[in-house]
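For reference, coords.txt is printed below; it contains compact mmCIF, C-alpha atoms and all ligand atoms.
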# COMPACT_ATOMS: atom_id res chain seq x y z
CA MET T 1 -129.41 188.94 22.85
CA SER T 2 -132.67 187.36 23.97
CA ARG T 3 -131.41 183.84 24.52
CA SER T 4 -128.65 183.12 26.98
CA TYR T 5 -125.22 181.97 25.94
CA LEU T 6 -125.78 178.65 27.63
CA LEU T 7 -129.07 178.09 25.86
CA ARG T 8 -127.54 178.78 22.50
CA HIS T 9 -124.82 176.28 23.24
CA SER T 10 -127.23 173.56 24.14
CA ASN T 11 -128.68 174.00 20.64
CA LEU T 12 -125.48 172.45 19.32
CA LEU T 13 -127.05 169.14 20.24
CA SER T 14 -130.03 169.63 17.99
CA TYR T 15 -127.86 169.97 14.91
CA ALA T 16 -126.95 166.34 15.26
CA SER T 17 -130.49 165.22 14.65
CA LYS T 18 -131.54 167.90 12.18
CA PRO T 19 -129.61 167.41 8.95
CA SER T 20 -131.49 170.32 7.36
CA ASN T 21 -129.53 172.62 9.62
CA LEU T 22 -126.23 171.47 8.24
CA PRO T 23 -124.68 173.44 5.42
CA ARG T 24 -125.84 172.04 2.11
CA SER T 25 -122.76 173.11 0.24
CA LEU T 26 -119.41 172.82 1.89
CA PRO T 27 -116.49 174.88 0.68
CA GLN T 28 -115.48 173.52 -2.73
CA CYS T 29 -111.96 172.71 -1.65
CA LEU T 30 -113.35 170.68 1.18
CA HIS T 31 -115.49 168.10 -0.55
CA ARG T 32 -114.49 164.64 0.51
CA THR T 33 -115.34 161.18 -0.67
CA GLN T 34 -118.05 159.09 0.94
CA GLN T 35 -115.37 156.62 1.91
CA GLN T 36 -113.31 159.24 3.72
CA GLN T 37 -116.40 160.31 5.62
CA GLN T 38 -117.18 156.77 6.71
CA LEU T 39 -113.64 156.30 7.91
CA GLN T 40 -114.12 159.41 10.02
CA HIS T 41 -117.10 158.00 11.81
CA GLN T 42 -115.23 154.82 12.66
CA ARG T 43 -112.39 156.68 14.30
CA PRO T 44 -112.25 156.20 18.06
CA SER T 45 -113.22 159.37 19.87
CA LYS T 46 -110.79 161.28 22.05
CA PRO T 47 -111.80 163.46 24.97
CA TYR T 48 -111.55 167.20 24.58
CA SER T 49 -108.65 168.81 26.32
CA THR T 50 -109.68 172.41 26.10
CA THR T 51 -113.43 172.81 26.26
CA PRO T 52 -114.75 175.85 28.14
CA THR T 53 -114.98 175.09 31.82
CA SER T 54 -118.11 177.13 32.37
CA ILE T 55 -120.26 175.34 29.82
CA LYS T 56 -120.61 171.87 31.24
CA SER T 57 -123.48 170.72 29.05
CA GLN T 58 -121.57 171.48 25.87
CA GLU T 59 -118.52 169.69 27.20
CA ALA T 60 -120.57 166.60 27.90
CA ALA T 61 -122.20 166.75 24.49
CA LEU T 62 -118.96 167.07 22.56
CA LYS T 63 -116.92 164.56 24.51
CA THR T 64 -118.06 161.67 22.39
CA LEU T 65 -117.24 163.34 19.06
CA PRO T 66 -113.86 162.95 17.35
CA ASP T 67 -111.20 165.57 18.04
CA ILE T 68 -108.55 166.63 15.53
CA SER T 69 -106.64 163.52 14.47
CA PRO T 70 -103.15 164.05 12.98
CA SER T 71 -102.96 160.38 11.93
CA SER T 72 -105.92 160.89 9.57
CA LEU T 73 -104.10 163.59 7.59
CA THR T 74 -104.19 163.34 3.82
CA THR T 75 -101.83 165.44 1.73
CA THR T 76 -102.26 166.54 -1.87
CA THR T 77 -99.21 168.41 -3.06
CA THR T 78 -99.28 171.15 -5.65
CA THR T 79 -98.47 170.48 -9.29
CA THR T 80 -97.58 174.15 -9.80
CA PRO T 81 -94.99 175.09 -7.17
CA LYS T 82 -94.56 178.85 -6.76
CA SER T 83 -91.23 180.55 -7.31
CA ILE T 84 -89.50 181.87 -4.21
CA LEU T 85 -89.25 185.67 -3.92
CA PRO T 86 -85.90 187.20 -3.03
CA PRO T 87 -86.11 187.81 0.76
CA SER T 88 -85.71 191.58 0.27
CA GLU T 89 -88.96 191.69 -1.74
CA LEU T 90 -91.15 190.11 0.91
CA ILE T 91 -94.05 192.26 2.11
CA PHE T 92 -95.87 191.18 5.28
CA GLY T 93 -98.83 188.95 4.50
CA ARG T 94 -98.78 189.42 0.72
CA THR T 95 -97.37 186.14 -0.56
CA PHE T 96 -98.27 182.68 0.59
CA THR T 97 -96.72 179.24 0.40
CA ASP T 98 -97.78 176.39 -1.91
CA HIS T 99 -100.14 174.67 0.50
CA MET T 100 -102.73 175.11 3.23
CA LEU T 101 -103.99 172.95 6.07
CA SER T 102 -107.77 172.55 6.49
CA ILE T 103 -109.89 170.74 9.04
CA GLU T 104 -113.66 170.79 8.92
CA TRP T 105 -115.95 170.39 11.89
CA THR T 106 -119.64 169.61 12.14
CA ALA T 107 -121.76 169.56 15.24
CA SER T 108 -122.85 165.99 14.48
CA ALA T 109 -119.55 164.44 13.41
CA GLY T 110 -116.96 166.51 15.30
CA TRP T 111 -113.60 167.20 13.67
CA LEU T 112 -113.20 165.51 10.27
CA ALA T 113 -109.94 164.29 8.75
CA PRO T 114 -107.30 167.04 8.33
CA ARG T 115 -106.14 167.82 4.83
CA ILE T 116 -103.14 169.54 3.34
CA THR T 117 -103.98 170.76 -0.16
CA PRO T 118 -102.58 173.25 -2.64
CA TYR T 119 -103.25 176.85 -1.47
CA GLN T 120 -106.60 177.75 -3.01
CA ASN T 121 -109.75 179.84 -2.80
CA LEU T 122 -112.57 178.83 -0.52
CA SER T 123 -116.01 178.49 -2.03
CA LEU T 124 -118.68 179.58 0.43
CA ASP T 125 -122.37 180.26 0.08
CA PRO T 126 -123.13 184.02 0.39
CA ALA T 127 -125.34 183.22 3.38
CA THR T 128 -122.48 181.58 5.31
CA CYS T 129 -122.62 182.84 8.89
CA VAL T 130 -119.00 184.08 8.99
CA PHE T 131 -119.90 186.83 6.48
CA HIS T 132 -122.86 188.10 8.48
CA TYR T 133 -122.12 187.64 12.16
CA ALA T 134 -118.31 187.51 12.27
CA PHE T 135 -117.84 183.95 13.44
CA GLU T 136 -114.09 184.21 13.07
CA ALA T 137 -111.14 183.73 15.39
CA PHE T 138 -107.50 183.69 14.39
CA GLU T 139 -103.92 183.33 15.57
CA GLY T 140 -100.57 184.78 14.60
CA MET T 141 -97.43 182.71 15.13
CA LYS T 142 -94.15 182.09 13.35
CA ALA T 143 -91.79 179.32 12.28
CA TYR T 144 -88.09 180.22 12.40
CA LYS T 145 -85.13 178.64 10.63
CA ASN T 146 -81.76 178.61 12.39
CA PRO T 147 -78.40 178.74 10.55
CA ALA T 148 -78.22 174.91 10.65
CA GLY T 149 -81.53 174.81 8.74
CA GLU T 150 -83.51 173.52 11.72
CA ILE T 151 -87.02 174.92 12.08
CA SER T 152 -88.81 175.78 15.29
CA LEU T 153 -92.02 177.30 16.60
CA PHE T 154 -92.15 179.66 19.58
CA ARG T 155 -94.49 178.62 22.42
CA PRO T 156 -97.14 177.25 20.03
CA ASP T 157 -99.09 175.81 22.98
CA LYS T 158 -99.90 179.40 23.97
CA ASN T 159 -101.41 180.13 20.56
CA MET T 160 -103.46 176.94 20.67
CA ALA T 161 -104.82 177.70 24.14
CA ARG T 162 -105.67 181.24 23.04
CA LEU T 163 -107.41 180.09 19.84
CA ASN T 164 -109.49 177.73 21.94
CA ARG T 165 -110.46 180.57 24.28
CA SER T 166 -111.30 182.81 21.31
CA ALA T 167 -113.30 180.09 19.54
CA THR T 168 -115.41 179.02 22.48
CA ARG T 169 -116.32 182.63 23.25
CA ILE T 170 -118.12 182.84 19.88
CA ALA T 171 -119.67 179.35 19.95
CA LEU T 172 -117.07 177.86 17.60
CA PRO T 173 -115.72 174.42 18.50
CA ALA T 174 -112.75 173.76 20.75
CA PHE T 175 -110.02 171.37 19.66
CA ASP T 176 -106.94 169.48 20.88
CA GLY T 177 -104.16 172.07 20.64
CA ALA T 178 -101.36 169.48 20.67
CA ALA T 179 -102.96 167.75 17.67
CA LEU T 180 -103.12 171.01 15.70
CA ILE T 181 -99.46 171.71 16.53
CA GLU T 182 -98.52 168.31 15.07
CA LEU T 183 -100.40 169.15 11.87
CA ILE T 184 -98.88 172.64 11.67
CA LYS T 185 -95.43 171.04 11.95
CA GLU T 186 -96.29 168.73 9.06
CA PHE T 187 -97.48 171.69 6.99
CA VAL T 188 -94.37 173.76 7.81
CA ARG T 189 -92.09 170.85 6.90
CA LEU T 190 -93.85 170.55 3.52
CA ASP T 191 -93.45 174.28 2.72
CA GLU T 192 -90.06 174.55 4.40
CA ARG T 193 -88.37 175.94 1.27
CA PHE T 194 -90.32 179.22 1.71
CA ILE T 195 -88.60 180.07 5.01
CA PRO T 196 -85.59 182.29 4.34
CA ALA T 197 -82.55 181.13 6.30
CA GLU T 198 -81.41 184.66 7.23
CA LYS T 199 -81.89 185.87 10.79
CA GLY T 200 -84.88 188.15 11.12
CA TYR T 201 -86.87 186.22 8.51
CA SER T 202 -89.58 183.74 9.35
CA LEU T 203 -92.73 182.04 8.16
CA TYR T 204 -95.80 183.77 9.55
CA LEU T 205 -98.55 181.24 10.29
CA ARG T 206 -102.20 182.23 10.35
CA PRO T 207 -104.52 179.65 11.91
CA THR T 208 -108.10 180.78 11.20
CA LEU T 209 -111.36 179.34 12.45
CA ILE T 210 -114.65 180.31 10.80
CA GLY T 211 -118.30 179.35 11.13
CA THR T 212 -119.39 177.85 7.80
CA GLN T 213 -123.05 177.18 8.34
CA ARG T 214 -125.27 178.51 5.57
CA THR T 215 -127.87 180.46 7.50
CA LEU T 216 -128.97 183.99 8.28
CA GLY T 217 -130.31 182.77 11.61
CA VAL T 218 -128.31 184.09 14.55
CA GLY T 219 -127.18 181.03 16.46
CA PRO T 220 -124.24 178.73 17.08
CA PRO T 221 -122.71 177.54 13.80
CA GLY T 222 -123.43 173.87 13.09
CA SER T 223 -120.28 173.62 11.01
CA ALA T 224 -116.87 175.25 11.01
CA LEU T 225 -113.61 175.29 9.13
CA LEU T 226 -110.18 175.58 10.73
CA TYR T 227 -107.45 176.37 8.24
CA VAL T 228 -103.83 177.46 8.42
CA ILE T 229 -102.03 179.48 5.76
CA ALA T 230 -98.41 180.59 5.79
CA SER T 231 -96.63 183.71 4.55
CA PRO T 232 -92.85 184.17 4.42
CA VAL T 233 -91.96 187.46 6.13
CA GLY T 234 -88.92 189.65 6.53
CA PRO T 235 -87.68 191.54 9.59
CA TYR T 236 -90.17 194.14 10.85
CA TYR T 237 -87.35 196.70 10.95
CA PRO T 238 -85.03 195.76 8.04
CA THR T 239 -82.52 198.47 8.95
CA GLY T 240 -82.67 197.98 12.71
CA PHE T 241 -85.09 199.38 15.29
CA LYS T 242 -87.11 202.43 14.32
CA ALA T 243 -88.85 204.11 17.26
CA VAL T 244 -92.48 204.98 16.51
CA SER T 245 -94.75 207.83 17.55
CA LEU T 246 -98.20 207.16 18.99
CA GLU T 247 -101.39 209.15 19.30
CA ALA T 248 -103.40 208.39 22.42
CA THR T 249 -106.97 207.80 21.21
CA THR T 250 -109.39 209.60 23.50
CA TYR T 251 -112.59 209.37 21.42
CA ALA T 252 -112.89 205.58 20.92
CA VAL T 253 -112.20 202.44 22.97
CA ARG T 254 -110.86 199.12 21.72
CA ALA T 255 -112.11 196.92 24.56
CA TRP T 256 -114.11 197.11 27.77
CA PRO T 257 -114.67 194.92 30.84
CA GLY T 258 -116.91 191.99 29.98
CA GLY T 259 -116.27 192.49 26.27
CA VAL T 260 -114.17 190.40 23.92
CA GLY T 261 -111.02 192.53 23.63
CA ASP T 262 -109.08 189.71 25.28
CA ARG T 263 -109.95 187.33 22.45
CA LYS T 264 -108.36 187.24 19.00
CA LEU T 265 -111.63 187.66 17.11
CA GLY T 266 -111.72 189.20 13.64
CA ALA T 267 -114.59 191.40 14.82
CA ASN T 268 -112.18 193.27 17.13
CA TYR T 269 -109.92 194.55 14.36
CA ALA T 270 -111.99 196.29 11.69
CA PRO T 271 -113.20 198.97 14.16
CA CYS T 272 -109.57 199.82 14.96
CA ILE T 273 -108.63 200.95 11.47
CA VAL T 274 -110.31 204.38 11.48
CA PRO T 275 -108.67 205.56 14.74
CA GLN T 276 -105.38 204.30 13.32
CA LEU T 277 -105.96 206.28 10.08
CA GLN T 278 -106.85 209.35 12.14
CA ALA T 279 -103.58 209.02 14.04
CA ALA T 280 -101.70 208.61 10.75
CA LYS T 281 -103.37 211.73 9.32
CA ARG T 282 -101.86 213.72 12.19
CA GLY T 283 -98.44 212.22 11.58
CA PHE T 284 -98.36 209.37 14.10
CA HIS T 285 -97.35 205.80 13.26
CA GLN T 286 -99.94 204.14 15.49
CA ASN T 287 -102.59 204.85 18.06
CA LEU T 288 -102.47 204.09 21.77
CA TRP T 289 -105.67 202.71 23.25
CA LEU T 290 -106.79 204.20 26.57
CA PHE T 291 -109.70 203.03 28.69
CA GLY T 292 -112.15 204.82 30.91
CA GLU T 293 -112.35 208.30 32.38
CA GLU T 294 -109.11 207.56 34.20
CA GLU T 295 -107.48 207.00 30.80
CA TYR T 296 -105.76 203.76 31.68
CA VAL T 297 -103.08 202.82 29.17
CA THR T 298 -104.04 199.48 27.56
CA GLU T 299 -102.52 198.51 24.20
CA VAL T 300 -100.82 200.05 21.19
CA GLY T 301 -102.38 199.23 17.80
CA THR T 302 -102.34 195.43 17.87
CA MET T 303 -99.50 195.13 20.36
CA ASN T 304 -99.25 195.01 24.13
CA PHE T 305 -97.63 198.04 25.76
CA PHE T 306 -94.80 198.30 28.30
CA ALA T 307 -93.33 201.28 30.15
CA CYS T 308 -90.14 201.43 32.23
CA VAL T 309 -90.72 203.96 35.01
CA ARG T 310 -88.52 204.96 37.95
CA ASP T 311 -90.51 205.19 41.17
CA LYS T 312 -90.80 208.69 42.64
CA THR T 313 -90.02 207.64 46.21
CA THR T 314 -88.10 204.35 46.12
CA GLY T 315 -86.07 205.16 42.99
CA LYS T 316 -86.61 201.56 41.83
CA VAL T 317 -87.27 200.95 38.13
CA GLY T 318 -90.51 199.12 37.34
CA LEU T 319 -91.51 197.38 34.14
CA TYR T 320 -95.20 198.28 33.87
CA THR T 321 -97.86 196.68 31.72
CA ALA T 322 -101.64 196.57 31.99
CA PRO T 323 -103.08 193.52 33.79
CA LEU T 324 -105.14 190.81 32.06
CA ASP T 325 -108.46 192.26 33.21
CA GLY T 326 -110.43 191.29 30.11
CA THR T 327 -109.52 194.41 28.11
CA ILE T 328 -106.03 193.22 27.14
CA LEU T 329 -105.09 190.61 24.55
CA GLU T 330 -102.93 187.99 26.25
CA GLY T 331 -99.87 188.36 24.05
CA VAL T 332 -97.40 185.50 23.86
CA VAL T 333 -94.59 188.05 23.61
CA ARG T 334 -96.09 190.02 26.54
CA ASP T 335 -95.99 186.88 28.66
CA SER T 336 -92.44 186.09 27.52
CA VAL T 337 -91.21 189.62 28.29
CA LEU T 338 -92.73 189.41 31.79
CA ASP T 339 -91.15 185.99 32.41
CA LEU T 340 -87.74 187.12 31.19
CA ALA T 341 -87.95 190.28 33.27
CA ARG T 342 -88.80 188.27 36.39
CA GLU T 343 -85.94 185.90 35.70
CA ARG T 344 -83.25 188.33 34.52
CA LEU T 345 -84.15 191.88 35.61
CA VAL T 346 -85.71 191.40 39.03
CA PRO T 347 -82.44 189.98 40.44
CA GLN T 348 -80.87 193.28 39.35
CA GLY T 349 -83.31 195.29 41.42
CA TRP T 350 -86.14 195.74 38.93
CA GLU T 351 -89.80 195.47 39.77
CA VAL T 352 -92.33 193.82 37.45
CA ARG T 353 -95.69 195.56 37.74
CA GLU T 354 -98.72 194.07 35.99
CA GLU T 355 -101.15 196.75 37.08
CA ARG T 356 -103.28 199.59 35.86
CA TYR T 357 -101.62 202.94 35.22
CA THR T 358 -102.99 206.04 33.58
CA MET T 359 -101.84 208.25 30.74
CA GLY T 360 -101.63 211.14 33.21
CA TRP T 361 -99.31 209.13 35.48
CA LEU T 362 -97.12 208.28 32.47
CA ALA T 363 -97.01 211.94 31.37
CA GLU T 364 -96.04 213.01 34.90
CA ALA T 365 -93.22 210.45 34.98
CA ALA T 366 -92.04 211.76 31.59
CA GLU T 367 -92.06 215.37 32.82
CA GLU T 368 -90.04 214.40 35.89
CA GLY T 369 -87.51 212.43 33.83
CA ARG T 370 -88.62 209.11 35.35
CA LEU T 371 -90.04 207.59 32.15
CA LEU T 372 -87.05 205.63 30.86
CA GLU T 373 -88.61 203.94 27.84
CA CYS T 374 -91.79 202.52 26.31
CA PHE T 375 -92.28 199.71 23.82
CA GLY T 376 -94.96 197.58 22.23
CA THR T 377 -94.72 193.78 21.96
CA GLY T 378 -96.18 191.30 19.48
CA THR T 379 -95.24 188.40 17.24
CA ALA T 380 -94.74 190.57 14.13
CA ALA T 381 -92.11 192.99 15.51
CA VAL T 382 -91.30 191.20 18.81
CA VAL T 383 -90.49 194.63 20.30
CA SER T 384 -91.41 198.04 18.90
CA PRO T 385 -89.80 201.00 20.71
CA VAL T 386 -91.86 204.17 21.20
CA ARG T 387 -90.39 207.67 20.95
CA LYS T 388 -93.34 209.86 21.88
CA ILE T 389 -97.08 209.89 22.54
CA GLY T 390 -99.39 212.69 21.45
CA TRP T 391 -102.03 213.13 24.15
CA ARG T 392 -104.56 215.93 24.61
CA GLY T 393 -102.49 218.41 22.65
CA LYS T 394 -99.32 217.56 24.56
CA MET T 395 -96.34 215.52 23.42
CA VAL T 396 -95.13 212.99 25.96
CA GLU T 397 -91.48 212.12 25.33
CA CYS T 398 -90.83 208.48 26.23
CA GLY T 399 -87.21 208.67 27.31
CA LEU T 400 -85.21 208.00 24.14
CA LYS T 401 -82.35 210.31 23.24
CA GLN T 402 -82.70 212.13 19.89
CA ASP T 403 -80.31 209.74 18.10
CA GLU T 404 -81.57 206.63 19.85
CA GLU T 405 -84.06 204.25 18.19
CA ALA T 406 -84.52 201.87 21.13
CA GLY T 407 -84.03 201.85 24.88
CA GLU T 408 -81.90 199.37 26.77
CA THR T 409 -84.76 197.16 27.91
CA ALA T 410 -86.38 196.94 24.47
CA SER T 411 -83.01 195.97 22.97
CA LEU T 412 -82.33 193.41 25.69
CA MET T 413 -85.75 191.80 25.29
CA LYS T 414 -85.53 191.74 21.50
CA GLY T 415 -82.07 190.16 21.73
CA TRP T 416 -83.13 187.54 24.26
CA ILE T 417 -86.30 186.54 22.42
CA ASP T 418 -84.73 186.50 18.95
CA GLY T 419 -81.87 184.48 20.45
CA ILE T 420 -84.43 181.84 21.39
CA HIS T 421 -86.21 182.11 18.00
CA TYR T 422 -83.03 181.46 16.02
CA GLY T 423 -81.60 178.79 18.29
CA GLU T 424 -78.72 180.86 19.72
CA GLU T 425 -80.13 180.16 23.16
CA LYS T 426 -81.54 176.71 23.88
CA HIS T 427 -84.83 177.29 25.65
CA LYS T 428 -87.95 175.32 26.50
CA TRP T 429 -90.07 177.87 24.60
CA SER T 430 -88.53 176.80 21.31
CA VAL T 431 -90.35 173.80 19.85
CA LYS T 432 -88.59 171.81 17.14
CA VAL T 433 -90.59 171.25 13.94
C1 LIG A 501 -102.11 189.50 18.62
C2 LIG A 501 -102.23 190.71 19.48
C3 LIG A 501 -101.24 191.08 20.42
C4 LIG A 501 -99.91 190.39 20.50
O1 LIG A 501 -99.97 189.05 20.77
P1 LIG A 501 -98.68 188.14 20.54
O2 LIG A 501 -99.14 186.79 20.92
O3 LIG A 501 -97.62 188.65 21.44
O4 LIG A 501 -98.32 188.26 19.10
C5 LIG A 501 -101.48 192.16 21.23
N1 LIG A 501 -102.61 192.89 21.13
C6 LIG A 501 -103.57 192.58 20.25
C7 LIG A 501 -104.80 193.41 20.20
C8 LIG A 501 -103.40 191.48 19.39
O5 LIG A 501 -104.34 191.21 18.49

Let me see the structure of the file written as structure tokens.
Amino acid sequence: MSRSYLLRHSNLLSYASKPSNLPRSLPQCLHRTQQQQQLQHQRPSKPYSTTPTSIKSQEAALKTLPDISPSSLTTTTTTTPKSILPPSELIFGRTFTDHMLSIEWTASAGWLAPRITPYQNLSLDPATCVFHYAFEAFEGMKAYKNPAGEISLFRPDKNMARLNRSATRIALPAFDGAALIELIKEFVRLDERFIPAEKGYSLYLRPTLIGTQRTLGVGPPGSALLYVIASPVGPYYPTGFKAVSLEATTYAVRAWPGGVGDRKLGANYAPCIVPQLQAAKRGFHQNLWLFGEEEYVTEVGTMNFFACVRDKTTGKVGLYTAPLDGTILEGVVRDSVLDLARERLVPQGWEVREERYTMGWLAEAAEEGRLLECFGTGTAAVVSPVRKIGWRGKMVECGLKQDEEAGETASLMKGWIDGIHYGEEKHKWSVKV
């Protein structure tokens, strides 16, 4: 990259005065009336809450532009409502609800009025920058329905903060997270009938932010589209926990210091598929990402990774997970597991250890019978227990008995977190829709 990050950001300013740089054709579903546009410009501006702290000039430039405004929402409901699938037929991410939420942004006008419309295709010019240079950031979160029919989100502020961090890293605009949460609630309420009431089911929400400028020039997008789609999903393990096997990947890395592995960018995921297929070819469910010559354990597939290890000398049990050193995605479930462990396990003598540990150290603990259990965490499965890890021709057994599908800690965590999801435990993490 010949121009510095800062320089490229300051170019955002020039888009305001150079209309030729703006996309000539906006996505078809996003055309708006002249009147709507004028209304937008009259809206009082709100200060940004989550602009990057390191890029002062951009912050100053964007401060005067409108942020996302829930009160400007317009809703067009579908005339062809979809039929609801029986819950047992739901496949993750295959079917979507009736509607979608879209909010356009331009460098000159800021965030435009949010719209809920029928779920539909986007129409984008083939030269749109998202297709060429991966200007894409996304989130994964869920809406849950409790037995009383009340709907809630789980720590949505975390997803909003993370999407802002992801977006600003690739020169996409920041936004007011609280405002997007309000709009997501509105959207979820509208498509509420798609959320199965049974425990374990939920509505998976996929906020997506893309650069929409029509240009092959490599630079900050002068326009963007933030949209949210929703997919009803069933339990990750319909018949209860199923412990998975992992292959430690030693020939490829997912993330590196100074890279973008700690951001939820689309560009991070496509390169992970081949190592995952390679692992599958050798009979493993997923791959385990290691880093460096030391072979630090980082993440499993698209989940954070935890290990319960008894200390060789003190005999204390520690809950280990890799630290947020830039190579780890800051999982909302990871953070929740750590918080719950500090609150509920530490008083029982546990240690919580956010620190680097190597595959060799884990294998040694396994050999000495000190590796009690391992599990992955993420919004899709909440907790995914691990039976064994293939590593350099060895098989590392992770502490489960032959007939056991989950360890005690994985089960506890899953129970606690699902309890909060489905309103069995009242908790500040649960946000009413
Ligand atoms: C999304 C994701 C996670 C899990 O994050 P949650 O917020 O807990 O769902 C972990 N690792 C990677 C690489 C991810 O993309």

Set the distance at 8 Å and use only C-alpha atoms: which residues neighbour Val396 (chain T) once local chain neighbours fewer than 4 positions away are removed? I'd like the list as number ranges by chain. T: 363, 366-367, 388-391

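With only C-alpha atoms and all ligand atoms as the atoms that count, the set of residues no farther than 7 Å from ligand LIG 501 (chain A) is T:Gly140, T:Met141, T:Lys264, T:Glu299, T:Gly301, T:Thr302, T:Met303, T:Asn304, T:Ile328, T:Leu329, T:Glu330, T:Gly331, T:Val332, T:Val333, T:Arg334, T:Thr377, T:Gly378, T:Thr379, T:Ala380.
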
task: May I ask for the distance between CA of Tyr357 (chain T) and CA of Ala406 (chain T), given in Å to one decimal place?
output: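 Taking CA of Tyr357 (chain T) as the start and CA of Ala406 (chain T) as the end point, the length is 22.2 Å.
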
Might you pull out every residue within 8 Å of Gly407 (chain T), with only C-alpha atoms counted and same-chain residues fewer than 6 positions away left off, and present them as a ChimeraX atom specification? /T:372-374,385,399-400

Judged by only C-alpha atoms, the minimum distance to Gln286 (chain T) among T:Asn159, T:Ser384, T:Gln402, T:Ser108 is found for T:Ser384

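Distance annotation: of T:Tyr204, T:Phe306, T:Phe138, T:Tyr320, the residue with the minimal separation from Asn164 (chain T) is T:Phe138; atom set is only C-alpha atoms.
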
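As for CA of Ser102 (chain T) and CA of Leu225 (chain T), they are spaced 7.0 Å apart.
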
Of T:Leu338, T:Ile420, T:Cys129, T:Leu122, the one nearest to Gly219 (chain T) when counting all atoms listed in the file is T:Cys129

* T:Phe135, T:Tyr119, T:Phe154, T:Trp105 ranked by distance to Thr75 (chain T), top pick (using all atoms listed in the file) ->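 The answer is T:Tyr119, which sits nearest to Thr75 (chain T).
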
Using only C-alpha atoms, the residue out of T:Glu104, T:Asp125, T:Asp176, T:Glu198 with shortest distance to Gly149 (chain T) is T:Glu198

- [ ] Name the closest residue to Gly211 (chain T) among the candidates T:Tyr133, T:Leu190, T:Lys199, T:Leu153; distances are taken between atoms, counting all atoms listed in the file.
- [x]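 Checking each of T:Tyr133, T:Leu190, T:Lys199, T:Leu153 against Gly211 (chain T), counting all atoms listed in the file, the winner is T:Tyr133.
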
Name the residues, using the chain letters and numbers of the file, that sit within 8 Å of (-104.7, 198.0, 28.7) when counting all atoms listed in the file, and give them as number ranges by chain.
T: 289-291, 296-299, 304-305, 321-324, 327-328, 356

Q) Near Gly93 (chain T), within 12 Å and counting only C-alpha atoms, which residues show up once chain neighbours fewer than 5 positions away are dropped, as a list in words? A)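 Close residues of Gly93 (chain T): Gly140, Ser202, Leu203, Tyr204, Leu205, Arg206, Ile229, Ala230, Ser231, Pro232, Val233, Gly234, Tyr236 and Ala380 of chain T.
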
Using all atoms of region 159-170 of chain T that appear in the file, construct an axis-aligned enclosing box with 5 Å of padding on every side and provide its centre coordinates and edge lengths in Å, rounded to one decimal, as lines of an AutoDock Vina configuration file.
center_x = -109.8
center_y = 179.9
center_z = 21.9
size_x = 26.7
size_y = 15.9
size_z = 14.7

A straight line from CA of His99 (chain T) to CA of Gln120 (chain T) spans 8.0 Å
